[in-house]
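K.L.:
Here it is: the structure, laid out below.
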Amino acid sequence: APANQPVDAETSQKDQPVIAGETGEILYSCKGTMPQEFRVNGKAKVTTEQDRLIVRSSPSTDYVQQFRLYTGTIVTVLSGPDCTGGTSWWYINVTKGTEVFNPVNNQNYLLPSDSEGWVRGALGEWRNDSEADHLRPVE
């Protein structure tokens with residue numbers, strides 16, 4: 001379909017990741033996960049209630065934790081989702097100066113530069129509760 005044609009949500013929820021896209025394009029969460037949608041280059045707020053949201057180098061829990069984000073932190077969604085492990089993973093940017101947590105030495109620090117990484121957005125629909133929703137669009 002041409003880039004300017006609307007695409008219905010059902011066909012957008014692919015099993016493969018949608019990488020990048022034009023600014024403002026809507027990205028839909030993976031099939032079988034809690035419904036989420038973000039805009040490319042749109043702002044999102046960390047809403048995890050369990051602990052801090054882990055930012056990883058790649059979209060899987062097998063990858064290194066770069067740092068963790070506190071609830072209330074505003075990030076920019078760059079692309080996604082990657083549907084690894086029955087989860088919607090979103091590729092985000094966190095701006096320089098944001099307070100983050102380093103899980104290696106258990107200390108907070110301010111990001112010295114803009115940083116990018118992958119976060120787990122929503123788990124399976126069967127976990128449709130507050131714990132499963134880690135990231136929400138900022139209106």
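How things are named: the first chain in the structure tokens is A, the next is B, and so on; residues count from 1 in each chain; ligands count from 1 in the order shown.
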Could you tell me, as a ChimeraX atom specification, which residues of range 3-126 of chain A DSSP assigns to helix (DSSP H, G or I) when given the backbone?
P.N.:
/A:9-12,84-86,125-126
K.L.:
Can you list, as a list in words, every protein, DNA or RNA residue that comes within 7 Å of range 38-40 of chain A when you count only C-alpha atoms, leaving out same-chain residues fewer than 3 positions away?
P.N.:
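Neighbouring residues, sequence-local ones excluded: Gly21, Glu22, Thr23, Gly24, Glu25, Ile26, Leu27, Tyr28, Val77, Leu78, Ser79 and Pro137 of chain A.
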K.L.:
At a cut-off of 6 Å, using only C-alpha atoms, what residues contact range 109-114 of chain A? Leave out same-chain residues fewer than 4 positions from it and give the result as a ChimeraX atom specification.
P.N.:
/A:94-100
K.L.:
Filtering to N, CA and C atoms, could you give me those residues as a PDB file, in the first residue's frame?
P.N.:
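The resulting file, selection.pdb, is reproduced below:
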ATOM      1  N   VAL A  94      16.233   8.264  25.203  1.00  0.00           N
ATOM      2  CA  VAL A  94      16.146   8.927  26.499  1.00  0.00           C
ATOM      3  C   VAL A  94      17.112  10.105  26.448  1.00  0.00           C
ATOM      4  N   THR A  95      16.633  11.299  26.802  1.00  0.00           N
ATOM      5  CA  THR A  95      17.453  12.492  26.622  1.00  0.00           C
ATOM      6  C   THR A  95      18.527  12.656  27.692  1.00  0.00           C
ATOM      7  N   LYS A  96      19.610  13.277  27.269  1.00  0.00           N
ATOM      8  CA  LYS A  96      20.740  13.622  28.127  1.00  0.00           C
ATOM      9  C   LYS A  96      20.224  14.338  29.367  1.00  0.00           C
ATOM     10  N   GLY A  97      20.795  14.004  30.521  1.00  0.00           N
ATOM     11  CA  GLY A  97      20.407  14.667  31.756  1.00  0.00           C
ATOM     12  C   GLY A  97      19.282  13.982  32.508  1.00  0.00           C
ATOM     13  N   THR A  98      18.679  12.937  31.913  1.00  0.00           N
ATOM     14  CA  THR A  98      17.621  12.178  32.587  1.00  0.00           C
ATOM     15  C   THR A  98      18.233  11.355  33.712  1.00  0.00           C
ATOM     16  N   GLU A  99      17.593  11.358  34.892  1.00  0.00           N
ATOM     17  CA  GLU A  99      18.079  10.534  35.991  1.00  0.00           C
ATOM     18  C   GLU A  99      17.693   9.082  35.742  1.00  0.00           C
ATOM     19  N   VAL A 100      18.693   8.211  35.771  1.00  0.00           N
ATOM     20  CA  VAL A 100      18.477   6.780  35.551  1.00  0.00           C
ATOM     21  C   VAL A 100      19.171   6.005  36.671  1.00  0.00           C
TER      22      VAL A 100
END
K.L.:
Could you pull the residues within 6 Å of Val55 in chain A, counting only C-alpha atoms, minus those fewer than 5 positions along the same chain, as a count of residues only?
P.N.:
7
K.L.:
Enumerate the residues of range 7-137 of chain A with a DSSP assignment of strand (DSSP E), computed from the backbone, and present them as a PyMOL selection string.
P.N.:
chain A and resi 26-28+37-39+42-46+53-56+65-69+74-82+88-94+99-102+107-110+115-122+135-137
K.L.:
Quick one: distance from CA of Thr47 in chain A to CA of Gly72 in chain A in Å, one decimal?
P.N.:
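According to the coordinates, CA of Thr47 in chain A and CA of Gly72 in chain A are separated by 6.3 Å.
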K.L.:
With distances taken over only C-alpha atoms, which of A:Ser29, A:Asn108, A:Thr84, A:Thr73 is nearest to Ser58 in chain A?
P.N.:
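Looking at the shortest contact to Ser58 in chain A, the residue is A:Thr84.
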